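What follows is one structure encoded as structure tokens, with my remarks underneath.
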Amino acid sequence: MGNEGNKKRKLGIMGGTFDPIHYGHLVAAEGARHHFGLDSVVFVPAARPPHKGNSSISHPSDRLNMTVLATGSNSNFEVSDIEIMRMGPSYTIDTVNQFRRSRPDATVHFITGADAVLEILTWHRVQELLEICHFIAATRPGYRLENLSGILRDLPSQCIDKISVMEVPALAISSTDIRERVGKGMPIKYLLPEEVESYIYSNELYI
Ligand code: ATP
Ligand code: MG
């Protein structure tokens, strides 16, 4: 078999709470897909992220539905319910391993915003995680990338090589802000796809 036959596909994974999904997530995922030549990006809504404690998070089925609505117009985007089906909090390493088992022909590229990558890189099993996947950290307004260089300094060089920082158009949009806006009756139009906006209102989320 020639080299072409062995060429691995590149799979992007975009994890998040997606409560709700917004243009910041979509711009980061599409930017990573283009910049790193990913074949597809799978959005994986989290069951209940360990770092978000017990604060109330919308029902997984609502977050999954909104993610499906938001990604429908991009043929390179997919949505996976593996974390939601697993029940209880998931670790990134378990999710990455599950994708590696189900798609052995692909290398995994985990896409996060600059804030989330900082949390993951301070995790105790980070070296193990970096052995099995690449990290793409998208810039995000309000988060200082300088903090990242401090953490990278302590990692072995083969780990650092697995982390890329990517500049995306700065969108100061967060799910927290969108939830607060809905609660206050302020507009959320143009911050997220219209299908998601309609879903929020028809299902009376965040009020
Ligand atoms: P919340 O305010 O509830 O924390 P969020 O807007 O931060 O929501 P998450 O679901 O927590 O959204 O984020 C999922 C992933 O998307 C994280 O890696 C996060 O860093 C990234 N992300 C979120 N918003 C942006 C944005 N505006 N630009 C770049 N990356 C983003
Ligand atoms: Mg967040």
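Naming scheme: A, B, ... for chains in displayed order of the structure tokens; residues 1 onward per chain; ligands 1 onward as shown.
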
For the interface of chain A with ligand 1 (cut-off 6 Å, counting only C-alpha atoms and all ligand atoms), please tabulate each contacting residue of chain A alongside its nearest pair of atoms and their separation in Å to one decimal, rows sorted by chain and increasing number, as JSON lines.
```
{"residue": "A:Gly15", "atom": "CA", "partner": "ligand 1", "partner_atom_place_in_ligand_line": "14 (C)", "distance": 5.8}
{"residue": "A:Gly16", "atom": "CA", "partner": "ligand 1", "partner_atom_place_in_ligand_line": "14 (C)", "distance": 3.5}
{"residue": "A:Thr17", "atom": "CA", "partner": "ligand 1", "partner_atom_place_in_ligand_line": "10 (O)", "distance": 3.7}
{"residue": "A:Phe18", "atom": "CA", "partner": "ligand 1", "partner_atom_place_in_ligand_line": "10 (O)", "distance": 4.0}
{"residue": "A:Asp19", "atom": "CA", "partner": "ligand 1", "partner_atom_place_in_ligand_line": "3 (O)", "distance": 6.0}
{"residue": "A:Gly24", "atom": "CA", "partner": "ligand 1", "partner_atom_place_in_ligand_line": "27 (N)", "distance": 3.6}
{"residue": "A:His25", "atom": "CA", "partner": "ligand 1", "partner_atom_place_in_ligand_line": "16 (O)", "distance": 5.0}
{"residue": "A:Ala28", "atom": "CA", "partner": "ligand 1", "partner_atom_place_in_ligand_line": "29 (C)", "distance": 5.5}
{"residue": "A:Thr112", "atom": "CA", "partner": "ligand 1", "partner_atom_place_in_ligand_line": "18 (O)", "distance": 3.3}
{"residue": "A:Gly113", "atom": "CA", "partner": "ligand 1", "partner_atom_place_in_ligand_line": "20 (O)", "distance": 2.9}
{"residue": "A:Ala114", "atom": "CA", "partner": "ligand 1", "partner_atom_place_in_ligand_line": "20 (O)", "distance": 5.6}
{"residue": "A:Asp115", "atom": "CA", "partner": "ligand 1", "partner_atom_place_in_ligand_line": "20 (O)", "distance": 5.1}
{"residue": "A:Ala116", "atom": "CA", "partner": "ligand 1", "partner_atom_place_in_ligand_line": "20 (O)", "distance": 4.6}
{"residue": "A:Ala138", "atom": "CA", "partner": "ligand 1", "partner_atom_place_in_ligand_line": "29 (C)", "distance": 5.6}
{"residue": "A:Thr139", "atom": "CA", "partner": "ligand 1", "partner_atom_place_in_ligand_line": "29 (C)", "distance": 5.8}
{"residue": "A:Arg140", "atom": "CA", "partner": "ligand 1", "partner_atom_place_in_ligand_line": "28 (N)", "distance": 4.5}
{"residue": "A:Leu171", "atom": "CA", "partner": "ligand 1", "partner_atom_place_in_ligand_line": "27 (N)", "distance": 4.7}
{"residue": "A:Ala172", "atom": "CA", "partner": "ligand 1", "partner_atom_place_in_ligand_line": "27 (N)", "distance": 5.1}
{"residue": "A:Ile173", "atom": "CA", "partner": "ligand 1", "partner_atom_place_in_ligand_line": "27 (N)", "distance": 4.5}
{"residue": "A:Ser174", "atom": "CA", "partner": "ligand 1", "partner_atom_place_in_ligand_line": "6 (O)", "distance": 3.3}
{"residue": "A:Ser175", "atom": "CA", "partner": "ligand 1", "partner_atom_place_in_ligand_line": "6 (O)", "distance": 3.9}
{"residue": "A:Thr176", "atom": "CA", "partner": "ligand 1", "partner_atom_place_in_ligand_line": "2 (O)", "distance": 3.6}
```

How about saving the chosen residues, C-alpha atoms kept, as a PDB file, in the first residue's frame?
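The file below, part_28.pdb, is the result:
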```pdb
ATOM      1  CA  GLY A  15     -16.115  19.971  23.811  1.00  0.00           C
ATOM      2  CA  GLY A  16     -18.268  22.333  25.826  1.00  0.00           C
ATOM      3  CA  THR A  17     -21.371  22.827  27.867  1.00  0.00           C
ATOM      4  CA  PHE A  18     -23.049  24.594  24.937  1.00  0.00           C
ATOM      5  CA  ASP A  19     -25.679  26.183  27.181  1.00  0.00           C
ATOM      6  CA  GLY A  24     -17.901  32.048  19.411  1.00  0.00           C
ATOM      7  CA  HIS A  25     -17.963  28.218  19.420  1.00  0.00           C
ATOM      8  CA  ALA A  28     -13.451  28.681  16.713  1.00  0.00           C
ATOM      9  CA  THR A 112     -10.748  24.647  23.118  1.00  0.00           C
ATOM     10  CA  GLY A 113     -10.864  28.321  23.917  1.00  0.00           C
ATOM     11  CA  ALA A 114      -7.851  29.826  25.683  1.00  0.00           C
ATOM     12  CA  ASP A 115      -9.659  29.719  29.046  1.00  0.00           C
ATOM     13  CA  ALA A 116     -10.524  26.042  28.799  1.00  0.00           C
ATOM     14  CA  ALA A 138      -8.409  29.442  20.162  1.00  0.00           C
ATOM     15  CA  THR A 139      -7.867  32.974  21.398  1.00  0.00           C
ATOM     16  CA  ARG A 140     -10.753  34.374  23.377  1.00  0.00           C
ATOM     17  CA  LEU A 171     -15.959  37.399  19.570  1.00  0.00           C
ATOM     18  CA  ALA A 172     -16.734  38.587  23.075  1.00  0.00           C
ATOM     19  CA  ILE A 173     -19.696  36.231  23.253  1.00  0.00           C
ATOM     20  CA  SER A 174     -20.280  33.806  26.124  1.00  0.00           C
ATOM     21  CA  SER A 175     -23.126  31.472  27.025  1.00  0.00           C
ATOM     22  CA  THR A 176     -23.265  33.109  30.464  1.00  0.00           C
TER      23      THR A 176
END
```

For segment 162-169 of chain A, work out the shell of residues within 9 Å, counting only C-alpha atoms and skipping chain neighbours fewer than 2 positions away, then give it as a short mmCIF file (atom, residue, chain, number, x, y, z; two decimals) with N, CA, C and O atoms, in the first residue's frame.
```cif
data_model
loop_
_atom_site.label_atom_id
_atom_site.label_comp_id
_atom_site.auth_asym_id
_atom_site.auth_seq_id
_atom_site.Cartn_x
_atom_site.Cartn_y
_atom_site.Cartn_z
N GLY A 24 -19.29 32.21 18.95
CA GLY A 24 -17.90 32.05 19.41
C GLY A 24 -17.45 30.60 19.22
O GLY A 24 -16.34 30.35 18.71
N VAL A 27 -17.25 29.83 15.30
CA VAL A 27 -16.11 30.48 14.64
C VAL A 27 -14.80 29.77 15.01
O VAL A 27 -13.94 29.54 14.17
N ALA A 28 -14.67 29.38 16.28
CA ALA A 28 -13.45 28.68 16.71
C ALA A 28 -13.34 27.33 16.00
O ALA A 28 -12.26 26.96 15.50
N GLY A 31 -12.62 27.86 12.25
CA GLY A 31 -11.25 28.36 12.09
C GLY A 31 -10.24 27.23 12.25
O GLY A 31 -9.29 27.11 11.47
N ALA A 32 -10.44 26.37 13.24
CA ALA A 32 -9.53 25.23 13.47
C ALA A 32 -9.61 24.25 12.30
O ALA A 32 -8.59 23.75 11.83
N HIS A 35 -7.70 25.97 9.38
CA HIS A 35 -6.28 26.22 9.64
C HIS A 35 -5.46 24.93 9.73
O HIS A 35 -4.33 24.85 9.29
N ALA A 114 -9.04 29.62 24.86
CA ALA A 114 -7.85 29.83 25.68
C ALA A 114 -8.13 29.60 27.17
O ALA A 114 -7.27 29.10 27.90
N LEU A 130 -1.72 14.42 26.33
CA LEU A 130 -1.00 14.98 25.18
C LEU A 130 -0.29 13.89 24.37
O LEU A 130 0.12 14.13 23.24
N GLU A 131 -0.16 12.70 24.95
CA GLU A 131 0.42 11.61 24.16
C GLU A 131 -0.58 11.09 23.14
O GLU A 131 -0.20 10.52 22.13
N CYS A 133 -3.43 13.01 21.87
CA CYS A 133 -4.11 13.96 21.00
C CYS A 133 -3.36 15.29 20.91
O CYS A 133 -2.45 15.55 21.69
N HIS A 134 -3.75 16.07 19.93
CA HIS A 134 -3.21 17.42 19.77
C HIS A 134 -4.20 18.40 20.41
O HIS A 134 -5.39 18.10 20.51
N PHE A 135 -3.69 19.56 20.79
CA PHE A 135 -4.56 20.60 21.33
C PHE A 135 -4.50 21.84 20.46
O PHE A 135 -3.43 22.27 20.06
N ILE A 136 -5.67 22.40 20.19
CA ILE A 136 -5.74 23.66 19.46
C ILE A 136 -6.45 24.65 20.39
O ILE A 136 -7.60 24.44 20.76
N ALA A 137 -5.72 25.68 20.78
CA ALA A 137 -6.30 26.68 21.69
C ALA A 137 -6.66 27.94 20.92
O ALA A 137 -5.80 28.59 20.33
N ALA A 138 -7.94 28.26 20.89
CA ALA A 138 -8.41 29.44 20.16
C ALA A 138 -8.37 30.65 21.10
O ALA A 138 -8.76 30.55 22.26
N THR A 139 -7.89 31.76 20.58
CA THR A 139 -7.87 32.97 21.40
C THR A 139 -9.30 33.37 21.76
O THR A 139 -10.24 33.10 21.02
N ARG A 140 -9.43 33.96 22.92
CA ARG A 140 -10.75 34.37 23.38
C ARG A 140 -10.60 35.68 24.14
O ARG A 140 -9.72 35.79 24.99
N LEU A 145 -3.10 34.97 27.02
CA LEU A 145 -2.34 33.81 26.55
C LEU A 145 -0.98 33.70 27.25
O LEU A 145 -0.37 32.65 27.25
N LEU A 152 3.17 26.05 29.91
CA LEU A 152 3.90 25.27 28.91
C LEU A 152 5.35 25.07 29.31
O LEU A 152 5.95 24.03 29.03
N SER A 157 9.22 18.93 26.13
CA SER A 157 9.07 19.53 24.80
C SER A 157 8.16 18.72 23.88
O SER A 157 7.45 19.28 23.05
N GLN A 158 8.14 17.39 24.04
CA GLN A 158 7.26 16.60 23.14
C GLN A 158 5.79 16.90 23.42
O GLN A 158 4.94 16.73 22.56
N CYS A 159 5.50 17.40 24.63
CA CYS A 159 4.12 17.79 24.95
C CYS A 159 3.81 19.16 24.34
O CYS A 159 2.74 19.38 23.77
N ILE A 160 4.76 20.06 24.46
CA ILE A 160 4.56 21.42 23.94
C ILE A 160 4.28 21.37 22.43
O ILE A 160 3.44 22.11 21.92
N LEU A 171 -14.53 37.21 19.33
CA LEU A 171 -15.96 37.40 19.57
C LEU A 171 -16.19 37.37 21.07
O LEU A 171 -16.03 36.33 21.70
#
```

Residues near segment 91-101 of chain A, anyone? I mean within 12 Å using only C-alpha atoms, not counting same-chain ones fewer than 6 positions away, as a PyMOL selection string. chain A and resi 8-16+41-51+80-85+107-112+116-117+119-121+123-135

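Nearest residue to ligand 2 among A:Leu64, A:Ala106, A:Leu118, A:Ala70 is A:Leu118, counting only C-alpha atoms and all ligand atoms.
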
Taking the DSSP assignment computed from this structure's backbone, write out as a VMD selection string all residues of chain A that belong to strand (DSSP E). chain A and resid 9 to 16 40 to 45 77 to 79 106 to 113 134 to 138 163 to 166

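With only C-alpha atoms and all ligand atoms as the atoms that count, the residue of A:Tyr143, A:Leu205, A:Leu155, A:Pro104 with the shortest distance to ligand 2 is A:Tyr143.
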
Which of A:Glu30, A:Asp154, A:Asp177, A:Asp39 sits closest to ligand 2 [using only C-alpha atoms and all ligand atoms]: A:Asp177

Give me, please, the distance in Å between atom CA of Ser58 of chain A and atom CA of Ser73 of chain A, quoted to one decimal. 23.6 Å

From A:Arg33, A:Arg103, A:His22, A:Lys7, residue lying nearest ligand 2 [only C-alpha atoms and all ligand atoms]: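 Between A:Arg33, A:Arg103, A:His22, A:Lys7, the residue approaching ligand 2 most closely is A:His22.
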
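Remark: for Glu197 of chain A, the closest of the candidate residues A:Arg144, A:Arg153, A:Arg181, A:His34 is A:Arg181 (distances computed over only C-alpha atoms).
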
Find the residue from A:Pro20, A:Ser61, A:Thr122, A:Leu69 that sits nearest to ligand 2; use only C-alpha atoms and all ligand atoms when measuring.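 That would be A:Pro20, the residue with the smallest distance to ligand 2.
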
DSSP alpha helix (DSSP H) residues within segment 1-193 of chain A, listed as an NGL selection string: :A and (3-6 or 23-35 or 60-71 or 82-86 or 92-102 or 114-121 or 126-132 or 146-153 or 157-160 or 175-184)
